[in-house]
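Asks: Next up is a structure, given as structure tokens.
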Amino acid sequence: MRTDVAHWLHRRTFRALDYDPHLLLERKRCQDLTVSVVLPALDEERTVGAIVTALRRDLVDGVPLVDEVVVVDSGSTDRTAACARDAGARVVHVDDVLPERGHVPGKGEALWKSLYVTSGDLLAFVDSDLVAFDPVFVVGLLGPLLTDPTIGYVKGLYDRPLATSEGLAPTGGGRVTELTARPLLGALWPHLSGFVQPLSGEYAGRRELLEQVPFVSHYGVELGLLIDLAELAGIDALAQVDLGTRRHGHQSDAALGRMAGQVLQTALARCPGVGVPGDTLVQYVRTGMAIEAVTWEVGVRERPPMRTVPGYRGARVPGAGR
């Protein structure tokens with residue numbers, strides 16, 4: 001391991017269990033900061049309500065560390081929006097935000113538009129498909145930001161159990177990370193190779209940084225943010241926190257291949273002088289006795305830094321939408 005990466009790992013890796021929410025609340029009040037938690041969601045009626053309920057119970061109504069919980073619905077066809085609203089979240093449909101900018105599908109769009117409709121100085125992002133969600137995730141993500149003013153962005157790291165035919169294996173999830181993202185970082189951005197979960201969907205940052213970088217569509221958003229924020233603020237402004245174990249649904253190998261294609265497209269777009277001749281991925285399926293080729297679009301689009309969008313006002317009235 002490179003000496004600089006080892007040094008960063010020692011100074012910038014934390015544990016969620018080391019943070020007391022009551023002490024963090026004192027820090028938050030002393031610094032006069034507000035916090036927004038954002039859940040991007042698409043057809044997650046099975047899990048989103050429980051996540052919002054836990055956040056409201058522990059970190060809004062309990063220890064008021066969080067000022068607003070916002071679910072950005074990417075066009076769910078199930079009861080995602082109703083479940084989130086019933087649990088106490090403010091629900092925003094992605095197409096109702098900046099409609100003049102048109103529609104771009106994918107998670108990155110929901111995260112980008114969340115900057116426009118939230119009020120917090122600090123934003124924590126949590127995937128809405130988590131099973132047995134623990135609010136300590138958010139406590140851990142906010143901990144470094146509230147205790148160290150030099151830290152501007154925090155990624156979650158965790159064990160990822162994998163559901164198999166023989167039961168739940170303690171590790172084995174995160175296949176796109178191991179097969180695509182980690183090799184890319186090691187080869188092209190080795191100073192970022194200390195991140196255990198570079199594609200994790202749980203992270204938090206200061207609005208003043210997040211509003212200065214583009215947001216990539218689809219599953220390239222996490223890698224894009226990591227690379228761009230390191231370029232903007234420097235590696236020492238980035239940290240990671242151990243959240244324990246993360247459980248969620250798993251995708252098929254073919255679906256993971258399409259995710260990997262989007263991650264690769266995001267990486268190549270950040271390599272000066274490297275042309276990307278194609279943005280499609282061909283996969284193969286057996287139909288009866290034949291092999292059929294299926295072509296998928298894996299290109300990504302970038303939304304501009306939110307700070308450049310007309311009408312954007314940055315952090316707004318503390319507690320708005322709570």
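Starting from 1 in every chain, residues are counted up; chains themselves are A, B, ... following the order of the structure tokens, and ligands are numbered from 1 as listed.
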Please return as a PyMOL selection string: the residues of segment 128-315 of chain A that backbone DSSP assigns to strand (DSSP E or B).
Replies: chain A and resi 130-131+153-159+161-164+167-172+203-206+215-216+238-245+247-248+280-287+290-297+302-303
Asks: Next, dump the selected residues to file, keeping only N, CA and C atoms, as a short mmCIF file (atom, residue, chain, number, x, y, z; two decimals), in the first residue's frame.
Replies:
```cif
data_model
loop_
_atom_site.label_atom_id
_atom_site.label_comp_id
_atom_site.auth_asym_id
_atom_site.auth_seq_id
_atom_site.Cartn_x
_atom_site.Cartn_y
_atom_site.Cartn_z
N LEU A 130 -32.65 -0.42 2.06
CA LEU A 130 -31.97 -1.07 3.17
C LEU A 130 -32.94 -1.89 4.02
N VAL A 131 -32.49 -3.05 4.44
CA VAL A 131 -33.27 -3.93 5.31
C VAL A 131 -32.71 -3.81 6.73
N TYR A 153 -16.71 15.64 3.31
CA TYR A 153 -17.48 14.57 2.66
C TYR A 153 -17.11 13.25 3.32
N VAL A 154 -18.13 12.44 3.64
CA VAL A 154 -17.91 11.20 4.39
C VAL A 154 -18.64 10.05 3.69
N LYS A 155 -17.90 8.99 3.38
CA LYS A 155 -18.48 7.79 2.78
C LYS A 155 -18.68 6.73 3.85
N GLY A 156 -19.76 5.97 3.73
CA GLY A 156 -19.96 4.84 4.60
C GLY A 156 -19.20 3.62 4.13
N LEU A 157 -18.70 2.83 5.07
CA LEU A 157 -18.15 1.51 4.74
C LEU A 157 -18.82 0.49 5.64
N TYR A 158 -18.90 -0.74 5.17
CA TYR A 158 -19.63 -1.76 5.91
C TYR A 158 -19.37 -3.13 5.31
N ASP A 159 -19.75 -4.16 6.07
CA ASP A 159 -19.81 -5.52 5.53
C ASP A 159 -21.11 -5.63 4.74
N PRO A 161 -23.47 -8.57 3.49
CA PRO A 161 -23.87 -9.98 3.37
C PRO A 161 -24.48 -10.25 1.99
N LEU A 162 -24.31 -11.48 1.53
CA LEU A 162 -24.84 -11.87 0.23
C LEU A 162 -25.80 -13.03 0.40
N ALA A 163 -27.03 -12.84 -0.11
CA ALA A 163 -28.03 -13.91 -0.04
C ALA A 163 -27.67 -14.98 -1.06
N THR A 164 -27.57 -16.24 -0.62
CA THR A 164 -27.26 -17.36 -1.49
C THR A 164 -28.33 -18.43 -1.33
N GLY A 167 -28.38 -19.72 2.14
CA GLY A 167 -28.61 -18.78 3.22
C GLY A 167 -27.82 -17.50 3.02
N LEU A 168 -27.68 -16.73 4.09
CA LEU A 168 -27.03 -15.43 4.03
C LEU A 168 -25.56 -15.58 4.38
N ALA A 169 -24.69 -15.33 3.38
CA ALA A 169 -23.26 -15.33 3.63
C ALA A 169 -22.86 -13.99 4.23
N PRO A 170 -21.93 -13.97 5.19
CA PRO A 170 -21.60 -12.72 5.88
C PRO A 170 -20.94 -11.68 4.99
N THR A 171 -20.32 -12.12 3.91
CA THR A 171 -19.69 -11.20 2.96
C THR A 171 -19.98 -11.68 1.54
N GLY A 172 -19.57 -10.89 0.56
CA GLY A 172 -19.76 -11.30 -0.83
C GLY A 172 -20.58 -10.33 -1.64
N TYR A 203 -23.73 8.25 2.33
CA TYR A 203 -22.67 9.24 2.46
C TYR A 203 -23.27 10.58 2.85
N ALA A 204 -22.41 11.48 3.31
CA ALA A 204 -22.88 12.79 3.74
C ALA A 204 -21.83 13.83 3.38
N GLY A 205 -22.29 15.06 3.19
CA GLY A 205 -21.35 16.12 2.83
C GLY A 205 -21.88 17.49 3.15
N ARG A 206 -20.99 18.44 3.08
CA ARG A 206 -21.36 19.84 3.26
C ARG A 206 -21.93 20.37 1.96
N PHE A 215 -23.35 16.06 -10.97
CA PHE A 215 -23.90 14.78 -10.54
C PHE A 215 -24.14 13.93 -11.78
N VAL A 216 -23.56 12.74 -11.79
CA VAL A 216 -23.70 11.83 -12.92
C VAL A 216 -24.98 11.03 -12.78
N LEU A 238 -11.85 14.42 2.65
CA LEU A 238 -12.72 13.26 2.53
C LEU A 238 -12.40 12.25 3.62
N ALA A 239 -13.44 11.54 4.09
CA ALA A 239 -13.27 10.56 5.15
C ALA A 239 -14.23 9.40 4.91
N GLN A 240 -14.08 8.36 5.72
CA GLN A 240 -15.01 7.23 5.68
C GLN A 240 -15.30 6.77 7.11
N VAL A 241 -16.48 6.19 7.28
CA VAL A 241 -16.89 5.76 8.62
C VAL A 241 -17.46 4.35 8.54
N ASP A 242 -17.05 3.52 9.47
CA ASP A 242 -17.50 2.13 9.52
C ASP A 242 -18.90 2.08 10.13
N LEU A 243 -19.88 1.65 9.33
CA LEU A 243 -21.27 1.60 9.76
C LEU A 243 -21.70 0.21 10.21
N GLY A 244 -20.79 -0.75 10.15
CA GLY A 244 -21.13 -2.11 10.59
C GLY A 244 -21.54 -2.99 9.43
N THR A 245 -22.83 -3.33 9.35
CA THR A 245 -23.34 -4.24 8.32
C THR A 245 -24.50 -3.59 7.57
N ARG A 247 -27.54 -4.42 4.86
CA ARG A 247 -28.32 -5.45 4.17
C ARG A 247 -29.30 -4.80 3.21
N HIS A 248 -29.37 -5.35 2.01
CA HIS A 248 -30.28 -4.83 0.99
C HIS A 248 -30.52 -5.92 -0.05
N THR A 280 -22.78 1.64 -25.31
CA THR A 280 -23.71 0.53 -25.23
C THR A 280 -22.98 -0.71 -24.72
N LEU A 281 -23.77 -1.62 -24.16
CA LEU A 281 -23.25 -2.87 -23.64
C LEU A 281 -24.07 -4.00 -24.24
N VAL A 282 -23.40 -4.96 -24.84
CA VAL A 282 -24.08 -6.12 -25.42
C VAL A 282 -23.96 -7.28 -24.44
N GLN A 283 -25.11 -7.84 -24.07
CA GLN A 283 -25.15 -9.02 -23.23
C GLN A 283 -25.87 -10.14 -23.99
N TYR A 284 -25.70 -11.36 -23.51
CA TYR A 284 -26.24 -12.51 -24.24
C TYR A 284 -27.11 -13.37 -23.34
N VAL A 285 -28.23 -13.80 -23.89
CA VAL A 285 -29.15 -14.67 -23.17
C VAL A 285 -29.50 -15.85 -24.07
N ARG A 286 -29.77 -16.97 -23.45
CA ARG A 286 -30.19 -18.15 -24.22
C ARG A 286 -31.71 -18.16 -24.34
N THR A 287 -32.19 -18.31 -25.55
CA THR A 287 -33.62 -18.44 -25.81
C THR A 287 -33.84 -19.76 -26.55
N ALA A 290 -31.07 -21.15 -29.04
CA ALA A 290 -30.28 -20.07 -29.63
C ALA A 290 -29.72 -19.14 -28.56
N ILE A 291 -28.69 -18.40 -28.95
CA ILE A 291 -28.12 -17.36 -28.12
C ILE A 291 -28.51 -16.01 -28.72
N GLU A 292 -29.15 -15.19 -27.93
CA GLU A 292 -29.64 -13.90 -28.42
C GLU A 292 -28.84 -12.77 -27.79
N ALA A 293 -28.43 -11.82 -28.64
CA ALA A 293 -27.71 -10.64 -28.17
C ALA A 293 -28.70 -9.55 -27.78
N VAL A 294 -28.47 -8.95 -26.62
CA VAL A 294 -29.32 -7.86 -26.13
C VAL A 294 -28.43 -6.65 -25.90
N THR A 295 -28.79 -5.52 -26.50
CA THR A 295 -27.99 -4.31 -26.38
C THR A 295 -28.63 -3.35 -25.39
N TRP A 296 -27.80 -2.86 -24.46
CA TRP A 296 -28.26 -1.95 -23.43
C TRP A 296 -27.52 -0.62 -23.53
N GLU A 297 -28.20 0.45 -23.25
CA GLU A 297 -27.60 1.78 -23.18
C GLU A 297 -27.02 1.96 -21.78
N GLU A 302 -24.29 14.07 -17.28
CA GLU A 302 -23.90 14.85 -16.10
C GLU A 302 -24.80 16.06 -15.96
N ARG A 303 -25.33 16.23 -14.77
CA ARG A 303 -26.03 17.46 -14.42
C ARG A 303 -24.99 18.45 -13.90
#
```
Asks: So that I can see what lies close to Leu24 of chain A, please list as an MDAnalysis selection string the residues with an atom at most 8 Å from it, counting only C-alpha atoms and leaving out residues fewer than 4 positions away in the same chain.
Replies: chainID A and resid 19:20 28 65 143 146:147
Asks: Mind checking which residues fall within 8 Å of Gly314 of chain A, counting only C-alpha atoms, ignoring those fewer than 3 positions away in the same chain, and posting them as a list in words?
Replies: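 Final neighbour list, sorted by chain and number: Leu115, Tyr116, Ser119, Arg207, Glu211 and Arg307 of chain A.
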Asks: With N, CA, C and O atoms retained, write the just-selected residues as an mmCIF file, in the first residue's frame.
Replies:
```
data_model
loop_
_atom_site.group_PDB
_atom_site.id
_atom_site.type_symbol
_atom_site.label_atom_id
_atom_site.label_comp_id
_atom_site.auth_asym_id
_atom_site.auth_seq_id
_atom_site.Cartn_x
_atom_site.Cartn_y
_atom_site.Cartn_z
ATOM 1 N N LEU A 115 -30.684 18.637 -3.867
ATOM 2 C CA LEU A 115 -30.011 19.861 -3.426
ATOM 3 C C LEU A 115 -30.930 21.069 -3.580
ATOM 4 O O LEU A 115 -30.878 22.008 -2.787
ATOM 5 N N TYR A 116 -31.764 21.036 -4.594
ATOM 6 C CA TYR A 116 -32.636 22.168 -4.900
ATOM 7 C C TYR A 116 -33.808 22.274 -3.933
ATOM 8 O O TYR A 116 -34.320 23.371 -3.683
ATOM 9 N N SER A 119 -32.994 21.981 2.665
ATOM 10 C CA SER A 119 -32.548 23.206 3.322
ATOM 11 C C SER A 119 -31.273 23.050 4.133
ATOM 12 O O SER A 119 -30.706 24.030 4.595
ATOM 13 N N ARG A 207 -23.040 21.073 2.080
ATOM 14 C CA ARG A 207 -23.689 21.619 0.896
ATOM 15 C C ARG A 207 -22.724 22.472 0.072
ATOM 16 O O ARG A 207 -22.727 22.417 -1.157
ATOM 17 N N GLU A 211 -22.640 21.371 -3.875
ATOM 18 C CA GLU A 211 -23.235 22.237 -4.885
ATOM 19 C C GLU A 211 -22.229 22.690 -5.935
ATOM 20 O O GLU A 211 -22.609 23.327 -6.909
ATOM 21 N N ARG A 307 -24.851 24.905 -7.993
ATOM 22 C CA ARG A 307 -24.592 26.324 -7.762
ATOM 23 C C ARG A 307 -24.791 27.145 -9.029
ATOM 24 O O ARG A 307 -25.078 28.345 -8.952
#
```
Asks: Considering only C-alpha atoms, state which residue in the set A:Ser114, A:Ser193, A:Thr80, A:Thr150 is at the smallest distance from Asp4 of chain A.
Replies: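 Among A:Ser114, A:Ser193, A:Thr80, A:Thr150, it is A:Ser193 that comes nearest to Asp4 of chain A.
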Asks: Using only C-alpha atoms, which residue out of A:Ser200, A:Glu208, A:Gly62, A:Gly174 lies closest to Gln251 of chain A?
Replies: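 Smallest separation from Gln251 of chain A among the options: A:Gly174.
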Asks: As a ChimeraX atom specification, please: every residue in segment 64-195 of chain A that a backbone DSSP assignment puts in helix (DSSP H, G or I).
Replies: /A:80-87,94-96,99-101,107-117,136-147,175-188,190-192
Asks: Limited to N, CA and C atoms, could you put the picked residues into a file as a short mmCIF file (atom, residue, chain, number, x, y, z; two decimals), in the first residue's frame?
Replies:
```
data_model
loop_
_atom_site.label_atom_id
_atom_site.label_comp_id
_atom_site.auth_asym_id
_atom_site.auth_seq_id
_atom_site.Cartn_x
_atom_site.Cartn_y
_atom_site.Cartn_z
N THR A 80 -44.57 3.47 -2.86
CA THR A 80 -43.40 4.08 -2.23
C THR A 80 -43.72 5.46 -1.66
N ALA A 81 -44.31 6.32 -2.48
CA ALA A 81 -44.58 7.69 -2.04
C ALA A 81 -45.54 7.71 -0.85
N ALA A 82 -46.60 6.91 -0.90
CA ALA A 82 -47.58 6.88 0.19
C ALA A 82 -46.95 6.33 1.47
N CYS A 83 -46.14 5.29 1.36
CA CYS A 83 -45.50 4.71 2.55
C CYS A 83 -44.55 5.71 3.18
N ALA A 84 -43.79 6.41 2.36
CA ALA A 84 -42.85 7.39 2.90
C ALA A 84 -43.58 8.55 3.55
N ARG A 85 -44.63 9.01 2.92
CA ARG A 85 -45.40 10.14 3.46
C ARG A 85 -46.09 9.74 4.77
N ASP A 86 -46.67 8.56 4.79
CA ASP A 86 -47.35 8.09 6.00
C ASP A 86 -46.37 7.95 7.17
N ALA A 87 -45.11 7.65 6.86
CA ALA A 87 -44.11 7.48 7.91
C ALA A 87 -43.54 8.80 8.40
N VAL A 94 -39.48 13.53 -8.55
CA VAL A 94 -38.30 14.07 -9.24
C VAL A 94 -38.68 14.95 -10.43
N ASP A 95 -39.77 14.63 -11.12
CA ASP A 95 -40.15 15.41 -12.30
C ASP A 95 -40.79 16.75 -11.96
N ASP A 96 -41.14 16.95 -10.68
CA ASP A 96 -41.70 18.23 -10.25
C ASP A 96 -40.62 19.24 -9.89
N PRO A 99 -38.55 21.26 -13.71
CA PRO A 99 -39.11 20.59 -14.89
C PRO A 99 -38.58 21.14 -16.20
N GLU A 100 -38.15 22.39 -16.19
CA GLU A 100 -37.61 22.99 -17.42
C GLU A 100 -36.30 22.34 -17.85
N ARG A 101 -35.67 21.58 -16.94
CA ARG A 101 -34.42 20.90 -17.26
C ARG A 101 -34.64 19.54 -17.92
N LYS A 107 -30.77 7.29 -10.44
CA LYS A 107 -30.55 7.73 -9.08
C LYS A 107 -29.83 9.08 -9.00
N GLY A 108 -28.86 9.30 -9.88
CA GLY A 108 -28.10 10.54 -9.83
C GLY A 108 -28.97 11.77 -9.99
N GLU A 109 -30.01 11.66 -10.79
CA GLU A 109 -30.93 12.77 -11.00
C GLU A 109 -31.65 13.12 -9.71
N ALA A 110 -32.10 12.09 -8.98
CA ALA A 110 -32.80 12.33 -7.72
C ALA A 110 -31.88 13.01 -6.70
N LEU A 111 -30.64 12.58 -6.64
CA LEU A 111 -29.71 13.17 -5.69
C LEU A 111 -29.39 14.61 -6.07
N TRP A 112 -29.18 14.86 -7.34
CA TRP A 112 -28.88 16.23 -7.80
C TRP A 112 -30.04 17.17 -7.47
N LYS A 113 -31.26 16.75 -7.79
CA LYS A 113 -32.41 17.61 -7.55
C LYS A 113 -32.72 17.77 -6.06
N SER A 114 -32.24 16.85 -5.25
CA SER A 114 -32.48 16.99 -3.82
C SER A 114 -31.78 18.23 -3.26
N LEU A 115 -30.68 18.64 -3.87
CA LEU A 115 -30.01 19.86 -3.43
C LEU A 115 -30.93 21.07 -3.58
N TYR A 116 -31.76 21.04 -4.59
CA TYR A 116 -32.64 22.17 -4.90
C TYR A 116 -33.81 22.27 -3.93
N VAL A 117 -34.24 21.14 -3.36
CA VAL A 117 -35.47 21.14 -2.56
C VAL A 117 -35.24 20.92 -1.07
N VAL A 136 -28.13 4.64 13.37
CA VAL A 136 -26.73 4.90 13.67
C VAL A 136 -25.95 5.16 12.38
N PHE A 137 -26.46 4.70 11.25
CA PHE A 137 -25.83 5.01 9.97
C PHE A 137 -25.70 6.52 9.80
N VAL A 138 -26.79 7.22 10.03
CA VAL A 138 -26.78 8.68 9.85
C VAL A 138 -25.94 9.35 10.92
N VAL A 139 -26.02 8.87 12.15
CA VAL A 139 -25.17 9.41 13.22
C VAL A 139 -23.71 9.29 12.82
N GLY A 140 -23.32 8.12 12.32
CA GLY A 140 -21.94 7.92 11.94
C GLY A 140 -21.50 8.80 10.79
N LEU A 141 -22.36 8.97 9.80
CA LEU A 141 -22.01 9.80 8.65
C LEU A 141 -21.85 11.27 9.05
N LEU A 142 -22.67 11.72 9.99
CA LEU A 142 -22.60 13.12 10.42
C LEU A 142 -21.47 13.36 11.40
N GLY A 143 -21.03 12.32 12.09
CA GLY A 143 -20.02 12.48 13.13
C GLY A 143 -18.77 13.23 12.70
N PRO A 144 -18.07 12.78 11.67
CA PRO A 144 -16.86 13.48 11.26
C PRO A 144 -17.12 14.92 10.82
N LEU A 145 -18.26 15.17 10.18
CA LEU A 145 -18.58 16.52 9.70
C LEU A 145 -18.81 17.48 10.86
N LEU A 146 -19.42 16.98 11.94
CA LEU A 146 -19.75 17.84 13.06
C LEU A 146 -18.60 18.00 14.06
N THR A 147 -17.62 17.12 13.98
CA THR A 147 -16.51 17.19 14.94
C THR A 147 -15.21 17.67 14.33
N ARG A 175 -20.26 -6.66 -5.56
CA ARG A 175 -19.47 -7.24 -6.64
C ARG A 175 -19.00 -6.21 -7.65
N VAL A 176 -19.80 -5.18 -7.93
CA VAL A 176 -19.37 -4.14 -8.86
C VAL A 176 -18.19 -3.36 -8.28
N THR A 177 -18.20 -3.18 -6.97
CA THR A 177 -17.07 -2.52 -6.32
C THR A 177 -15.79 -3.32 -6.53
N GLU A 178 -15.84 -4.62 -6.24
CA GLU A 178 -14.63 -5.44 -6.30
C GLU A 178 -14.14 -5.68 -7.71
N LEU A 179 -15.07 -5.82 -8.66
CA LEU A 179 -14.69 -6.19 -10.03
C LEU A 179 -14.50 -5.00 -10.95
N THR A 180 -15.01 -3.83 -10.58
CA THR A 180 -14.91 -2.68 -11.47
C THR A 180 -14.34 -1.45 -10.78
N ALA A 181 -15.00 -0.97 -9.73
CA ALA A 181 -14.61 0.31 -9.14
C ALA A 181 -13.23 0.26 -8.49
N ARG A 182 -12.97 -0.78 -7.72
CA ARG A 182 -11.68 -0.83 -7.03
C ARG A 182 -10.50 -0.95 -8.00
N PRO A 183 -10.58 -1.81 -9.02
CA PRO A 183 -9.49 -1.83 -10.00
C PRO A 183 -9.31 -0.50 -10.73
N LEU A 184 -10.41 0.19 -11.03
CA LEU A 184 -10.31 1.49 -11.70
C LEU A 184 -9.59 2.50 -10.81
N LEU A 185 -9.97 2.57 -9.55
CA LEU A 185 -9.33 3.53 -8.65
C LEU A 185 -7.86 3.18 -8.46
N GLY A 186 -7.56 1.90 -8.31
CA GLY A 186 -6.18 1.50 -8.12
C GLY A 186 -5.29 1.87 -9.30
N ALA A 187 -5.85 1.80 -10.50
CA ALA A 187 -5.06 2.07 -11.69
C ALA A 187 -5.00 3.55 -12.05
N LEU A 188 -6.11 4.27 -11.85
CA LEU A 188 -6.20 5.64 -12.35
C LEU A 188 -6.22 6.71 -11.26
N PRO A 190 -5.05 6.19 -7.70
CA PRO A 190 -4.56 5.38 -6.58
C PRO A 190 -4.63 6.09 -5.24
N HIS A 191 -4.65 7.43 -5.24
CA HIS A 191 -4.76 8.15 -3.97
C HIS A 191 -6.12 7.93 -3.31
N LEU A 192 -7.11 7.40 -4.08
CA LEU A 192 -8.44 7.13 -3.55
C LEU A 192 -8.64 5.65 -3.21
#
```
